[in-house]
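Working notes for the structure below.
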Amino acid sequence: MTELKLNLGPQHPSTHGVLRLILELEGEKILSCEPDIGYLHRGMEKMAEKLSYIQYLPTVDRIDYLAGFFYSELFCRTVEKALEIELSDRVRAIRVMMLELNRIASHLLWTGAFLMDLGAVSPFFYAFREREMILKYFEKITGQRMMNNYFVFGGVRRDVFDLDDVDEFLKILTPKLKDYENLITENPIFLQRTKGKGVLEPELALNNSITGPNLRASGVGIDFRKNDSLYCGFYHEPVVLKGKDAWARYKARIEEMRMSGCIVRQALEYLRKDEPLKQKLVNPLKMRLPAGEFLSEIEAPRGLARCYIKSIGEDKPYRLKWRTGSYYAVNLLKKLLKGAYLNDAIAIAGSLDIILPEVDK
Amino acid sequence: MNYLYHLYIEFLAKHGIPQFWGDITFYIIPLSIIFCALLVIVLALVLAERKLLGFFTQRKGPNRVGLWGILQTIADAFKLLCKENITPKGVNVFLFNLAPALIFVPVMVVLGLIPYSAEFTFMDFRTNILIYVVFAGFPLLCILLGGWASNNKYSLIGAIRNTAQVLAYELPIAFTVLSIIALSSSMNLREITLAQSSSAGIFGWFWVPCILGLIIMFISMLAELNRCPFDLPEAESELICGYNTEYSGMRFAMFYLSEYGMLFANALFIAILFFGGYLSPFGKYLSPMIFPETVGGIMIYFEQVCWLLLKSFLIIFVVIWVRATLPRMASFDLLKFSWTVLLPISIFNFLLMVIIKYTGGIYA
């Protein structure tokens, strides 16, 4: 049988952006896979060297447009670490609530998109319906639906209000998640497409720096929220599953949404106390970071995200580096897709939750 | 049909044209009736599908063009007509153009074989169920032709998948059709319809003894039509658009419309085999009660057409419902499912029907 070289992407409907996979096929069996990235490169890191910290802050959301709050928080956190700013409890609660709402929105979109990859149309719209409630709330608070630019160095732009909206969302979240599970989780076709497909052994995952739900679905309970000072005081349990396959990764994200809902509920309880918002904002025009290297990390929806800033005491970073979860997941495709069939390839690539702006930066 | 034929011959005789010419030209009339009806129904089906999918996914569906979005598909068809027909580099131009032209042929043929009412079958052969089964598999050739001639790897994979899939699902269909033939002792669709009329009303129809066959037939129909969850040949998240990736403009529309035409024909086929075709579910027809005696006789035929269409639209509704609910199957599981599950069950079903036939009862 002759080999067939197939170019999957960069404008393919299910590569979630502009990923290009160069596949060698024998029939429909994949002999080798070579991911080709860089179609969405915007020079996020180089750009930082030309802009002052406050000028760079709005662009940070674009690293992962589905989870903008996380990168915003990460950048603010690194700067706050350098300036040694302590956050008040209310600011922390606001940030945690926004982050976890954002995580739910991101996972909801993934659920819809993953099922779309598998050929089911309806879950996509159902997921978007719920995500819409979160985005509406974001719009109310921050003025933006996606690129929120809400966190600033030392606090948030404004206090939250209309907390009943969040309450309403939390009320529907649990029954809606149950609805999805009724529709999807035990569906025989879904099981056939995902059970035992794309098995990610824990060693392989750890050797490839896989983090986030993908790793936890392989049975490794690493969640960076555990040691995060921001989440201090919030009850949180990492969702660990033993399945290792695409189905487990789906289930892990569904469970994680439940967990995030639980965290949001705690944050909401705190915010209802109606304390005044106390925060010590830095004057961004006079802001200088002390010389040195600063590194901080956060558990983003797609795995560990890190921000590294090297400063030489100027008003802009000397060098800035991002570490994102999807980048390593793309690299993993090389190993996971070998020997799989073409339609499994879509299921596997979809289950890893790759988002391309995060890969290319 | 005979009625229409005699009317036509009489009309010609009045104008002094010999019957010989009437015999030759008569078939133009039913053909044009089919064609017009097909166009209207296909456009309505596309709109219905989009509206229903909108309903299932909590959207509004098309609602801008015309009242309630009713002109949307007409506007879409017009847009496709106006679009440029792109012929990519390196394709076999003759075959590339031939495929979309040929694909409407089987649709027209199978629709001509359907008995729409007791007196309205365009091609009433004694074995028209066989001809139906043969022509229902014919679009496969056009798809293979189009997929191969496109000089595109996605098209080729789509066409190959389609071939494997249709071959696998033809056999369960054949055995199910065979069991219906055994039950009704006839290969004529009109006689199969009549064999289902009994005092038991809707329970006298073949879906009761042949419920297994109905399920197999429905699943195989989805596979033959490339409908979800068997829409592998045009799986847009894997193969972009499958075999018609390279087609644009009206040539794409031909594929698209013929797909819906085939869906309609298959729904009619199932309605005839299992749901009593044009028979009324109440046991007797309603029109003699509603209309005065003079027109009541003719209105029965129209009522029969309505019953058949109603049944087929209910089947199409289920098909769309399935599409809104299920994800797509994987290609190898799909073949395995047919060869290891559907085929043995359909053979068992055939034997069961033979036994029912020989033990007697209302279905014999």
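Simple scheme: letters A, B, ... for chains in structure tokens order, numbers from 1 for residues in each chain, numbers from 1 for ligands in the order shown.
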Residues of chain B no more than 12 Å from chain A, counting only C-alpha atoms: send them over as an MDAnalysis selection string. chainID B and resid 52:60 152:158 160:161 227:241 245 320:334 337
Could you take the residues named above and write them with N, CA and C atoms, as a short mmCIF file (atom, residue, chain, number, x, y, z; two decimals), in the first residue's frame?
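See result06.cif below for the written result:
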data_model
loop_
_atom_site.label_atom_id
_atom_site.label_comp_id
_atom_site.auth_asym_id
_atom_site.auth_seq_id
_atom_site.Cartn_x
_atom_site.Cartn_y
_atom_site.Cartn_z
N LEU B 52 -35.56 22.84 12.39
CA LEU B 52 -35.63 21.86 13.47
C LEU B 52 -34.32 21.82 14.25
N LEU B 53 -33.19 21.89 13.51
CA LEU B 53 -31.90 21.90 14.20
C LEU B 53 -31.81 23.13 15.10
N GLY B 54 -32.33 24.23 14.60
CA GLY B 54 -32.38 25.43 15.42
C GLY B 54 -33.21 25.20 16.67
N PHE B 55 -34.32 24.53 16.48
CA PHE B 55 -35.19 24.24 17.61
C PHE B 55 -34.50 23.34 18.63
N PHE B 56 -33.78 22.32 18.12
CA PHE B 56 -33.12 21.38 19.03
C PHE B 56 -31.96 22.04 19.77
N THR B 57 -31.32 23.01 19.12
CA THR B 57 -30.16 23.63 19.75
C THR B 57 -30.50 25.01 20.30
N GLN B 58 -31.78 25.25 20.50
CA GLN B 58 -32.23 26.48 21.14
C GLN B 58 -31.81 27.74 20.40
N ARG B 59 -31.91 27.66 19.06
CA ARG B 59 -31.70 28.85 18.26
C ARG B 59 -33.00 29.12 17.52
N LYS B 60 -32.96 30.14 16.66
CA LYS B 60 -34.17 30.44 15.91
C LYS B 60 -34.16 29.79 14.54
N ASN B 152 -8.10 15.46 -4.84
CA ASN B 152 -7.91 15.99 -3.50
C ASN B 152 -7.90 14.82 -2.54
N LYS B 153 -6.97 14.83 -1.60
CA LYS B 153 -6.84 13.66 -0.71
C LYS B 153 -8.04 13.52 0.19
N TYR B 154 -8.56 14.66 0.66
CA TYR B 154 -9.73 14.59 1.54
C TYR B 154 -10.93 14.00 0.78
N SER B 155 -11.09 14.44 -0.49
CA SER B 155 -12.20 13.92 -1.30
C SER B 155 -12.04 12.43 -1.50
N LEU B 156 -10.81 12.02 -1.77
CA LEU B 156 -10.56 10.61 -2.04
C LEU B 156 -10.88 9.77 -0.80
N ILE B 157 -10.39 10.21 0.36
CA ILE B 157 -10.67 9.45 1.59
C ILE B 157 -12.17 9.40 1.84
N GLY B 158 -12.85 10.52 1.60
CA GLY B 158 -14.30 10.55 1.79
C GLY B 158 -14.99 9.57 0.87
N ILE B 160 -13.71 6.89 -0.54
CA ILE B 160 -13.39 5.50 -0.17
C ILE B 160 -14.22 5.08 1.03
N ARG B 161 -14.30 5.99 2.02
CA ARG B 161 -15.12 5.69 3.19
C ARG B 161 -16.55 5.41 2.80
N ARG B 227 -25.97 10.19 6.65
CA ARG B 227 -26.53 11.08 7.65
C ARG B 227 -25.86 10.78 8.99
N CYS B 228 -25.87 11.77 9.85
CA CYS B 228 -25.35 11.58 11.20
C CYS B 228 -26.13 10.44 11.86
N PRO B 229 -25.55 9.53 12.63
CA PRO B 229 -24.14 9.44 13.05
C PRO B 229 -23.23 8.72 12.07
N PHE B 230 -23.66 8.54 10.84
CA PHE B 230 -22.83 7.83 9.87
C PHE B 230 -22.33 8.78 8.79
N ASP B 231 -22.16 10.06 9.10
CA ASP B 231 -21.79 11.01 8.06
C ASP B 231 -20.29 11.08 7.85
N LEU B 232 -19.64 9.91 7.91
CA LEU B 232 -18.18 9.88 7.76
C LEU B 232 -17.68 10.41 6.43
N PRO B 233 -18.33 10.08 5.31
CA PRO B 233 -17.77 10.53 4.03
C PRO B 233 -17.68 12.05 3.92
N GLU B 234 -18.48 12.76 4.69
CA GLU B 234 -18.37 14.22 4.61
C GLU B 234 -18.18 14.82 6.00
N ALA B 235 -17.50 14.05 6.86
CA ALA B 235 -17.28 14.50 8.22
C ALA B 235 -16.52 15.82 8.20
N GLU B 236 -17.18 16.93 8.52
CA GLU B 236 -16.52 18.20 8.29
C GLU B 236 -15.40 18.44 9.28
N SER B 237 -15.43 17.78 10.43
CA SER B 237 -14.34 18.02 11.37
C SER B 237 -13.14 17.13 11.07
N GLU B 238 -13.28 16.18 10.15
CA GLU B 238 -12.13 15.35 9.80
C GLU B 238 -11.69 15.61 8.36
N LEU B 239 -12.66 15.54 7.45
CA LEU B 239 -12.32 15.58 6.03
C LEU B 239 -12.76 16.88 5.37
N ILE B 240 -12.98 17.92 6.16
CA ILE B 240 -13.41 19.24 5.67
C ILE B 240 -14.80 19.14 5.07
N CYS B 241 -14.94 18.56 3.87
CA CYS B 241 -16.29 18.34 3.37
C CYS B 241 -16.37 17.00 2.66
N THR B 245 -15.51 18.32 -1.31
CA THR B 245 -14.68 19.44 -0.88
C THR B 245 -14.39 20.41 -2.02
N ILE B 320 -33.68 13.85 11.57
CA ILE B 320 -33.08 15.13 11.98
C ILE B 320 -32.84 15.13 13.48
N TRP B 321 -33.76 14.53 14.20
CA TRP B 321 -33.62 14.44 15.66
C TRP B 321 -32.34 13.67 16.02
N VAL B 322 -32.13 12.55 15.31
CA VAL B 322 -30.92 11.77 15.54
C VAL B 322 -29.69 12.62 15.28
N ARG B 323 -29.74 13.40 14.21
CA ARG B 323 -28.58 14.23 13.86
C ARG B 323 -28.28 15.22 14.98
N ALA B 324 -29.32 15.75 15.61
CA ALA B 324 -29.10 16.75 16.65
C ALA B 324 -28.58 16.12 17.93
N THR B 325 -28.69 14.80 18.05
CA THR B 325 -28.36 14.18 19.33
C THR B 325 -27.01 13.49 19.35
N LEU B 326 -26.69 12.76 18.28
CA LEU B 326 -25.58 11.82 18.37
C LEU B 326 -24.29 12.36 17.78
N PRO B 327 -23.14 11.97 18.37
CA PRO B 327 -21.87 12.23 17.70
C PRO B 327 -21.64 11.24 16.56
N ARG B 328 -20.57 11.46 15.83
CA ARG B 328 -20.28 10.63 14.66
C ARG B 328 -19.56 9.35 15.07
N MET B 329 -19.84 8.27 14.35
CA MET B 329 -19.14 7.01 14.66
C MET B 329 -17.76 7.01 14.02
N ALA B 330 -16.90 6.15 14.54
CA ALA B 330 -15.59 5.99 13.93
C ALA B 330 -15.70 5.01 12.78
N SER B 331 -14.85 5.18 11.76
CA SER B 331 -15.09 4.46 10.50
C SER B 331 -15.00 2.95 10.67
N PHE B 332 -14.04 2.48 11.49
CA PHE B 332 -13.89 1.03 11.58
C PHE B 332 -14.98 0.41 12.45
N ASP B 333 -15.39 1.14 13.48
CA ASP B 333 -16.50 0.66 14.30
C ASP B 333 -17.77 0.57 13.47
N LEU B 334 -17.88 1.50 12.55
CA LEU B 334 -19.07 1.53 11.70
C LEU B 334 -19.17 0.28 10.85
N PHE B 337 -19.83 -2.73 13.05
CA PHE B 337 -21.21 -2.73 13.51
C PHE B 337 -22.13 -3.36 12.47
#
Looking only at the backbone, which of the residues in stretch 59-207 of chain A does DSSP tag as helix (DSSP H, G or I), as JSON, numbers by chain? {"A": [59, 60, 61, 62, 63, 64, 68, 69, 70, 71, 72, 73, 74, 75, 76, 77, 78, 79, 80, 81, 82, 83, 89, 90, 91, 92, 93, 94, 95, 96, 97, 98, 99, 100, 101, 102, 103, 104, 105, 106, 107, 108, 109, 110, 111, 112, 113, 114, 115, 116, 117, 122, 123, 124, 125, 126, 127, 128, 129, 130, 131, 132, 133, 134, 135, 136, 137, 138, 139, 140, 141, 142, 163, 164, 165, 166, 167, 168, 169, 170, 171, 172, 173, 174, 175, 176, 177, 178, 179, 180, 181, 182, 183, 188, 189, 190, 191, 192, 193, 194, 202, 203, 204, 205, 206, 207]}
Please identify which residues in stretch 76-251 of chain A DSSP calls strand (DSSP E or B) from the backbone, and express them as a PyMOL selection string. chain A and resi 151-152+155-156
Next, write the just-selected residues to a file, as a PDB file, in the first residue's frame, keeping N, CA and C atoms as the atom set.
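Result file follows (result.pdb):
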ATOM      1  N   PHE A 151      -7.669  43.059  35.810  1.00  0.00           N
ATOM      2  CA  PHE A 151      -6.721  43.081  36.927  1.00  0.00           C
ATOM      3  C   PHE A 151      -5.650  44.133  36.650  1.00  0.00           C
ATOM      4  N   VAL A 152      -5.270  44.846  37.706  1.00  0.00           N
ATOM      5  CA  VAL A 152      -4.153  45.777  37.566  1.00  0.00           C
ATOM      6  C   VAL A 152      -3.150  45.460  38.656  1.00  0.00           C
ATOM      7  N   GLY A 155      -4.253  45.156  42.427  1.00  0.00           N
ATOM      8  CA  GLY A 155      -5.678  45.028  42.704  1.00  0.00           C
ATOM      9  C   GLY A 155      -6.501  44.794  41.459  1.00  0.00           C
ATOM     10  N   VAL A 156      -7.716  45.328  41.476  1.00  0.00           N
ATOM     11  CA  VAL A 156      -8.587  45.211  40.307  1.00  0.00           C
ATOM     12  C   VAL A 156      -9.061  46.614  39.939  1.00  0.00           C
TER      13      VAL A 156
END
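Comparing B:Asn188, B:Thr294, B:Ser197, B:Asn226 by their smallest distance to B:Thr121, the closest is B:Asn188 (using only C-alpha atoms).
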Do you have the atom CA of A:Leu332-atom CA of A:Asn208 distance handy? 6.8 Å
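In this structure, atom CA of A:Ala48 sits 24.3 Å away from atom CA of A:Asn102.
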Residue neighbourhood A:Leu101, 10 Å, only C-alpha atoms, exclusion window fewer than 5 positions, as a short mmCIF file (atom, residue, chain, number, x, y, z; two decimals) with C-alpha atoms, in the first residue's frame:
data_model
loop_
_atom_site.label_atom_id
_atom_site.label_comp_id
_atom_site.auth_asym_id
_atom_site.auth_seq_id
_atom_site.Cartn_x
_atom_site.Cartn_y
_atom_site.Cartn_z
CA ALA A 67 -8.79 32.32 29.50
CA PHE A 69 -7.99 36.46 33.14
CA ARG A 95 -9.69 37.57 41.55
CA VAL A 96 -10.43 33.98 42.51
CA SER A 106 -13.09 27.96 28.98
CA HIS A 107 -13.96 24.36 29.83
CA ARG A 131 -20.95 30.39 28.70
CA ILE A 134 -20.52 34.20 32.34
CA LEU A 135 -19.53 36.49 29.49
CA TYR A 137 -21.34 39.08 33.79
CA PHE A 138 -17.79 39.80 32.66
CA VAL A 166 -23.18 34.84 39.63
CA PHE A 169 -25.31 31.05 37.16
CA LEU A 170 -24.16 28.75 39.95
CA MET A 257 -16.15 22.69 36.26
CA SER A 260 -14.63 25.57 40.08
CA GLY A 261 -18.30 26.17 40.77
CA ILE A 263 -14.72 27.65 44.60
CA VAL A 264 -16.80 30.44 43.06
#
Which residues are near A:Gly68? Cut-off 7 Å, only C-alpha atoms, ignore same chain within fewer than 3 positions. Put them as an MDAnalysis selection string. chainID A and resid 61:62 64:65 71:72 146:148
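Residue nearest B:Val105, chosen from B:Ser258, B:Asn244, B:Thr73, B:Ser186 and counting only C-alpha atoms: B:Ser258.
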Need to verify the contact set: B:Ser184, 10 Å, only C-alpha atoms, exclusion of same-chain residues closer than 6 positions in sequence. Can you return it as a short mmCIF file (atom, residue, chain, number, x, y, z; two decimals) with C-alpha atoms, in the first residue's frame?
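What follows is the written file around30.cif:
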data_model
loop_
_atom_site.label_atom_id
_atom_site.label_comp_id
_atom_site.auth_asym_id
_atom_site.auth_seq_id
_atom_site.Cartn_x
_atom_site.Cartn_y
_atom_site.Cartn_z
CA LEU B 178 -36.34 -9.78 1.48
CA GLU B 191 -49.11 -4.76 -3.60
CA ILE B 192 -46.92 -4.58 -0.50
CA THR B 193 -48.96 -1.59 0.58
CA LEU B 194 -52.21 -3.41 -0.02
CA ALA B 195 -50.96 -6.50 1.82
CA GLN B 196 -50.81 -4.37 4.95
CA PHE B 206 -45.56 -4.60 8.87
CA LEU B 273 -42.54 -1.10 3.67
CA LYS B 357 -45.70 -16.21 7.09
CA TYR B 363 -49.73 -10.92 8.76
CA ALA B 364 -49.67 -13.99 6.54
#
Using only C-alpha atoms, which residues sit within 9 Å of A:Glu130 once same-chain residues fewer than 6 positions away are excluded, as a PyMOL selection string? chain A and resi 105+108+169+172-173+176
With only C-alpha atoms as the counted atoms, please give the residues lying no more than 7 Å from A:Glu358, apart from itself and same-chain residues fewer than 3 positions off, as a ChimeraX atom specification. /A:63-64,324,326,355,361
